[in-house]
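As provided, start01.tsv (TSV, N, CA and C atoms) reads as follows.
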chain	number	residue	atom	x	y	z
A	68	ALA	N	2.10	11.76	28.29
A	68	ALA	CA	2.59	12.28	27.02
A	68	ALA	C	2.72	11.17	25.98
A	69	PRO	N	3.25	9.97	26.31
A	69	PRO	CA	3.35	8.94	25.29
A	69	PRO	C	2.00	8.50	24.74
A	70	ALA	N	0.97	8.52	25.59
A	70	ALA	CA	-0.36	8.12	25.12
A	70	ALA	C	-0.88	9.10	24.07
A	71	ARG	N	-0.65	10.38	24.28
A	71	ARG	CA	-1.09	11.37	23.31
A	71	ARG	C	-0.38	11.19	21.98
A	72	THR	N	0.90	10.89	22.04
A	72	THR	CA	1.67	10.70	20.82
A	72	THR	C	1.14	9.50	20.05
A	73	ALA	N	0.83	8.42	20.75
A	73	ALA	CA	0.31	7.22	20.09
A	73	ALA	C	-1.04	7.48	19.45
A	74	VAL	N	-1.92	8.17	20.17
A	74	VAL	CA	-3.24	8.48	19.63
A	74	VAL	C	-3.10	9.43	18.46
A	75	GLY	N	-2.29	10.47	18.62
A	75	GLY	CA	-2.07	11.42	17.53
A	75	GLY	C	-1.47	10.74	16.32
A	76	GLY	N	-0.55	9.81	16.55
A	76	GLY	CA	0.07	9.09	15.45
A	76	GLY	C	-0.93	8.23	14.70
A	77	PHE	N	-1.81	7.57	15.45
A	77	PHE	CA	-2.83	6.74	14.81
A	77	PHE	C	-3.82	7.61	14.06
A	78	ALA	N	-4.24	8.70	14.68
A	78	ALA	CA	-5.20	9.61	14.04
A	78	ALA	C	-4.59	10.22	12.77
A	79	GLU	N	-3.33	10.59	12.85
A	79	GLU	CA	-2.66	11.14	11.67
A	79	GLU	C	-2.56	10.11	10.56
A	80	ALA	N	-2.20	8.89	10.91
A	80	ALA	CA	-2.08	7.83	9.91
A	80	ALA	C	-3.43	7.53	9.27
A	81	LEU	N	-4.47	7.52	10.08
A	81	LEU	CA	-5.81	7.27	9.57
A	81	LEU	C	-6.26	8.40	8.65
A	82	ASN	N	-6.01	9.63	9.06
A	82	ASN	CA	-6.38	10.77	8.23
A	82	ASN	C	-5.61	10.76	6.91
A	83	LYS	N	-4.32	10.44	6.97
A	83	LYS	CA	-3.50	10.39	5.76
A	83	LYS	C	-4.02	9.31	4.81
A	84	ALA	N	-4.40	8.16	5.35
A	84	ALA	CA	-4.93	7.08	4.51
A	84	ALA	C	-6.24	7.49	3.84
A	85	VAL	N	-7.10	8.16	4.57
A	85	VAL	CA	-8.38	8.60	3.99
A	85	VAL	C	-8.14	9.62	2.89
A	86	VAL	N	-7.21	10.53	3.12
A	86	VAL	CA	-6.89	11.54	2.10
A	86	VAL	C	-6.33	10.87	0.85
A	87	GLU	N	-5.45	9.89	1.02
A	87	GLU	CA	-4.87	9.20	-0.12
A	87	GLU	C	-5.93	8.43	-0.91
A	88	ILE	N	-6.87	7.83	-0.22
A	88	ILE	CA	-7.95	7.12	-0.89
A	88	ILE	C	-8.78	8.09	-1.70
A	89	GLY	N	-9.07	9.24	-1.11
A	89	GLY	CA	-9.83	10.27	-1.83
A	89	GLY	C	-9.09	10.75	-3.07
A	90	GLN	N	-7.77	10.88	-2.95
A	90	GLN	CA	-6.97	11.33	-4.09
A	90	GLN	C	-6.98	10.30	-5.22
A	91	THR	N	-6.86	9.01	-4.87
A	91	THR	CA	-6.87	7.99	-5.92
A	91	THR	C	-8.24	7.92	-6.59
A	92	GLN	N	-9.31	8.12	-5.81
A	92	GLN	CA	-10.66	8.14	-6.39
A	92	GLN	C	-10.80	9.34	-7.34
A	93	ALA	N	-10.29	10.50	-6.93
A	93	ALA	CA	-10.37	11.70	-7.76
A	93	ALA	C	-9.55	11.53	-9.04
A	94	GLU	N	-8.38	10.92	-8.93
A	94	GLU	CA	-7.54	10.69	-10.10
A	94	GLU	C	-8.24	9.75	-11.09
A	95	ALA	N	-8.89	8.73	-10.58
A	95	ALA	CA	-9.61	7.81	-11.45
A	95	ALA	C	-10.77	8.51	-12.14
A	96	ASP	N	-11.50	9.33	-11.39
A	96	ASP	CA	-12.61	10.08	-11.97
A	96	ASP	C	-12.12	11.03	-13.06
A	97	LEU	N	-11.01	11.70	-12.80
A	97	LEU	CA	-10.44	12.61	-13.79
A	97	LEU	C	-9.98	11.87	-15.04
A	98	ALA	N	-9.38	10.71	-14.85
A	98	ALA	CA	-8.92	9.92	-16.00
A	98	ALA	C	-10.11	9.48	-16.86
A	99	VAL	N	-11.19	9.07	-16.22
A	99	VAL	CA	-12.39	8.67	-16.96
A	99	VAL	C	-12.97	9.87	-17.71
A	100	GLU	N	-13.01	11.00	-17.03
A	100	GLU	CA	-13.55	12.21	-17.66
A	100	GLU	C	-12.72	12.61	-18.89
A	101	ARG	N	-11.39	12.53	-18.74
A	101	ARG	CA	-10.51	12.86	-19.88
A	101	ARG	C	-10.72	11.90	-21.04
A	102	LEU	N	-10.94	10.64	-20.74
A	102	LEU	CA	-11.18	9.67	-21.80
A	102	LEU	C	-12.51	9.96	-22.50
A	103	GLN	N	-13.53	10.31	-21.73
A	103	GLN	CA	-14.84	10.59	-22.31
A	103	GLN	C	-14.84	11.85	-23.16
A	104	THR	N	-14.07	12.85	-22.76
A	104	THR	CA	-14.03	14.10	-23.51
A	104	THR	C	-13.06	14.06	-24.68
A	105	GLY	N	-12.27	13.00	-24.77
A	105	GLY	CA	-11.33	12.87	-25.88
A	105	GLY	C	-9.96	13.46	-25.60
A	106	GLU	N	-9.75	14.02	-24.40
A	106	GLU	CA	-8.44	14.56	-24.04
A	106	GLU	C	-7.39	13.46	-24.01
A	107	SER	N	-7.79	12.29	-23.57
A	107	SER	CA	-6.87	11.17	-23.45
A	107	SER	C	-7.36	10.04	-24.34
A	108	LYS	N	-6.44	9.42	-25.02
A	108	LYS	CA	-6.78	8.28	-25.87
A	108	LYS	C	-6.27	6.97	-25.28
A	109	ASN	N	-5.61	7.05	-24.11
A	109	ASN	CA	-4.97	5.89	-23.53
A	109	ASN	C	-5.90	5.19	-22.54
A	110	LEU	N	-6.58	4.18	-23.00
A	110	LEU	CA	-7.51	3.43	-22.17
A	110	LEU	C	-6.78	2.69	-21.05
A	111	HIS	N	-5.55	2.26	-21.32
A	111	HIS	CA	-4.79	1.51	-20.32
A	111	HIS	C	-4.54	2.33	-19.07
A	112	GLU	N	-4.18	3.59	-19.24
A	112	GLU	CA	-3.93	4.45	-18.07
A	112	GLU	C	-5.20	4.66	-17.26
A	113	VAL	N	-6.33	4.77	-17.96
A	113	VAL	CA	-7.61	4.94	-17.27
A	113	VAL	C	-7.94	3.69	-16.47
A	114	MET	N	-7.74	2.55	-17.05
A	114	MET	CA	-8.03	1.29	-16.35
A	114	MET	C	-7.10	1.12	-15.15
A	115	ILE	N	-5.84	1.49	-15.29
A	115	ILE	CA	-4.90	1.38	-14.18
A	115	ILE	C	-5.33	2.31	-13.05
A	116	ALA	N	-5.71	3.54	-13.37
A	116	ALA	CA	-6.16	4.49	-12.34
A	116	ALA	C	-7.40	3.96	-11.63
A	117	MET	N	-8.31	3.38	-12.39
A	117	MET	CA	-9.53	2.83	-11.79
A	117	MET	C	-9.22	1.65	-10.88
A	118	GLU	N	-8.31	0.80	-11.29
A	118	GLU	CA	-7.94	-0.35	-10.45
A	118	GLU	C	-7.21	0.08	-9.19
A	119	LYS	N	-6.34	1.10	-9.29
A	119	LYS	CA	-5.67	1.62	-8.09
A	119	LYS	C	-6.70	2.13	-7.09
A	120	ALA	N	-7.69	2.87	-7.60
A	120	ALA	CA	-8.74	3.40	-6.72
A	120	ALA	C	-9.55	2.27	-6.10
A	121	ASP	N	-9.86	1.26	-6.88
A	121	ASP	CA	-10.64	0.13	-6.38
A	121	ASP	C	-9.88	-0.63	-5.31
A	122	ILE	N	-8.62	-0.89	-5.57
A	122	ILE	CA	-7.79	-1.65	-4.61
A	122	ILE	C	-7.62	-0.86	-3.31
A	123	SER	N	-7.38	0.45	-3.42
A	123	SER	CA	-7.20	1.24	-2.21
A	123	SER	C	-8.49	1.30	-1.39
A	124	LEU	N	-9.62	1.37	-2.05
A	124	LEU	CA	-10.89	1.38	-1.33
A	124	LEU	C	-11.17	0.03	-0.67
A	125	ARG	N	-10.88	-1.06	-1.38
A	125	ARG	CA	-11.08	-2.39	-0.79
A	125	ARG	C	-10.16	-2.60	0.41
A	126	LEU	N	-8.94	-2.12	0.32
A	126	LEU	CA	-8.00	-2.23	1.44
A	126	LEU	C	-8.52	-1.45	2.64
A	127	ALA	N	-9.04	-0.26	2.40
A	127	ALA	CA	-9.58	0.55	3.50
A	127	ALA	C	-10.77	-0.14	4.16
A	128	VAL	N	-11.62	-0.75	3.37
A	128	VAL	CA	-12.77	-1.45	3.92
A	128	VAL	C	-12.32	-2.64	4.76
A	129	GLN	N	-11.34	-3.38	4.28
A	129	GLN	CA	-10.84	-4.52	5.04
A	129	GLN	C	-10.16	-4.08	6.34
A	130	MET	N	-9.43	-2.98	6.28
A	130	MET	CA	-8.80	-2.46	7.49
A	130	MET	C	-9.86	-2.03	8.49
A	131	ARG	N	-10.91	-1.37	8.02
A	131	ARG	CA	-12.00	-0.98	8.90
A	131	ARG	C	-12.64	-2.20	9.55
A	132	ASN	N	-12.86	-3.24	8.76
A	132	ASN	CA	-13.46	-4.46	9.30
A	132	ASN	C	-12.59	-5.07	10.39
A	133	LYS	N	-11.29	-5.09	10.19
A	133	LYS	CA	-10.38	-5.65	11.19
A	133	LYS	C	-10.38	-4.81	12.47
A	134	VAL	N	-10.40	-3.50	12.32
A	134	VAL	CA	-10.43	-2.63	13.50
A	134	VAL	C	-11.73	-2.85	14.27
A	135	LEU	N	-12.84	-2.95	13.57
A	135	LEU	CA	-14.12	-3.20	14.24
A	135	LEU	C	-14.14	-4.55	14.94
A	136	GLU	N	-13.58	-5.57	14.30
A	136	GLU	CA	-13.51	-6.89	14.93
A	136	GLU	C	-12.67	-6.83	16.21
A	137	ALA	N	-11.54	-6.13	16.15
A	137	ALA	CA	-10.69	-6.01	17.33
A	137	ALA	C	-11.41	-5.25	18.44
A	138	TYR	N	-12.12	-4.19	18.09
A	138	TYR	CA	-12.87	-3.42	19.08
A	138	TYR	C	-13.95	-4.29	19.72
A	139	GLN	N	-14.67	-5.03	18.91
A	139	GLN	CA	-15.72	-5.90	19.44
A	139	GLN	C	-15.14	-6.98	20.35
A	140	GLU	N	-13.99	-7.51	19.99
A	140	GLU	CA	-13.34	-8.51	20.81
A	140	GLU	C	-12.92	-7.92	22.16
A	141	ILE	N	-12.39	-6.72	22.13
A	141	ILE	CA	-12.01	-6.06	23.38
A	141	ILE	C	-13.23	-5.81	24.25
A	142	MET	N	-14.33	-5.40	23.64
A	142	MET	CA	-15.54	-5.12	24.41
A	142	MET	C	-16.13	-6.39	25.01
A	143	ARG	N	-15.88	-7.54	24.42
A	143	ARG	CA	-16.37	-8.80	24.96
A	143	ARG	C	-15.53	-9.32	26.12
A	144	MET	N	-14.32	-8.79	26.26
A	144	MET	CA	-13.44	-9.26	27.34
A	144	MET	C	-14.03	-8.91	28.69
A	145	GLN	N	-13.88	-9.83	29.61
A	145	GLN	CA	-14.33	-9.58	30.97
A	145	GLN	C	-13.14	-9.15	31.80
A	146	VAL	N	-13.37	-8.14	32.60
A	146	VAL	CA	-12.29	-7.58	33.42
A	146	VAL	C	-12.32	-8.14	34.80
For the file at hand, write its structure as structure tokens.
Amino acid sequence: APARTAVGGFAEALNKAVVEIGQTQAEADLAVERLQTGESKNLHEVMIAMEKADISLRLAVQMRNKVLEAYQEIMRMQV
């Protein structure tokens, strides 16, 4: 039972992170669209939304890289 909880917890956390990244990307896209259509005149908010999306995506990529490195290291271990 504890193993299932740990796996479920990791899977849930991973899914939540992916959803949040998608949301920040969508918010940035919407902010750009509003600026282009003239709905929004605040360039600063658009730039902030774009930077949040960029940072969250870069963080996700780095986390993926670390997980892959750890997996590869485990696979190289001799039992």
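Counting only C-alpha atoms and comparing A:Leu81, A:Val99, A:Leu126, A:Gln145, the residue that lies closest to His111 in chain A is A:Val99.
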| Distance query Ala120 in chain A at most 7 Å, all atoms listed in the file, self and fewer than 3 positions along chain excluded, as a ChimeraX atom specification | /A:88,91-92,95,115-117,123-125
Include N, CA and C atoms and write out the residues we just selected as a tab-separated table (two decimals), keeping the file's coordinate frame.
chain	number	residue	atom	x	y	z
A	88	ILE	N	-6.87	7.83	-0.22
A	88	ILE	CA	-7.95	7.12	-0.89
A	88	ILE	C	-8.78	8.09	-1.70
A	91	THR	N	-6.86	9.01	-4.87
A	91	THR	CA	-6.87	7.99	-5.92
A	91	THR	C	-8.24	7.92	-6.59
A	92	GLN	N	-9.31	8.12	-5.81
A	92	GLN	CA	-10.66	8.14	-6.39
A	92	GLN	C	-10.80	9.34	-7.34
A	95	ALA	N	-8.89	8.73	-10.58
A	95	ALA	CA	-9.61	7.81	-11.45
A	95	ALA	C	-10.77	8.51	-12.14
A	115	ILE	N	-5.84	1.49	-15.29
A	115	ILE	CA	-4.90	1.38	-14.18
A	115	ILE	C	-5.33	2.31	-13.05
A	116	ALA	N	-5.71	3.54	-13.37
A	116	ALA	CA	-6.16	4.49	-12.34
A	116	ALA	C	-7.40	3.96	-11.63
A	117	MET	N	-8.31	3.38	-12.39
A	117	MET	CA	-9.53	2.83	-11.79
A	117	MET	C	-9.22	1.65	-10.88
A	123	SER	N	-7.38	0.45	-3.42
A	123	SER	CA	-7.20	1.24	-2.21
A	123	SER	C	-8.49	1.30	-1.39
A	124	LEU	N	-9.62	1.37	-2.05
A	124	LEU	CA	-10.89	1.38	-1.33
A	124	LEU	C	-11.17	0.03	-0.67
A	125	ARG	N	-10.88	-1.06	-1.38
A	125	ARG	CA	-11.08	-2.39	-0.79
A	125	ARG	C	-10.16	-2.60	0.41
If you count only C-alpha atoms, the residue of A:Ala137, A:Ala93, A:Val86, A:Met142 closest to Lys119 in chain A turns out to be A:Ala93
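Going from CA of Glu118 in chain A over to CA of Glu94 in chain A, you cover 11.1 Å.
You will find atom C of Leu102 in chain A at 22.6 Å from atom C of Glu87 in chain A.
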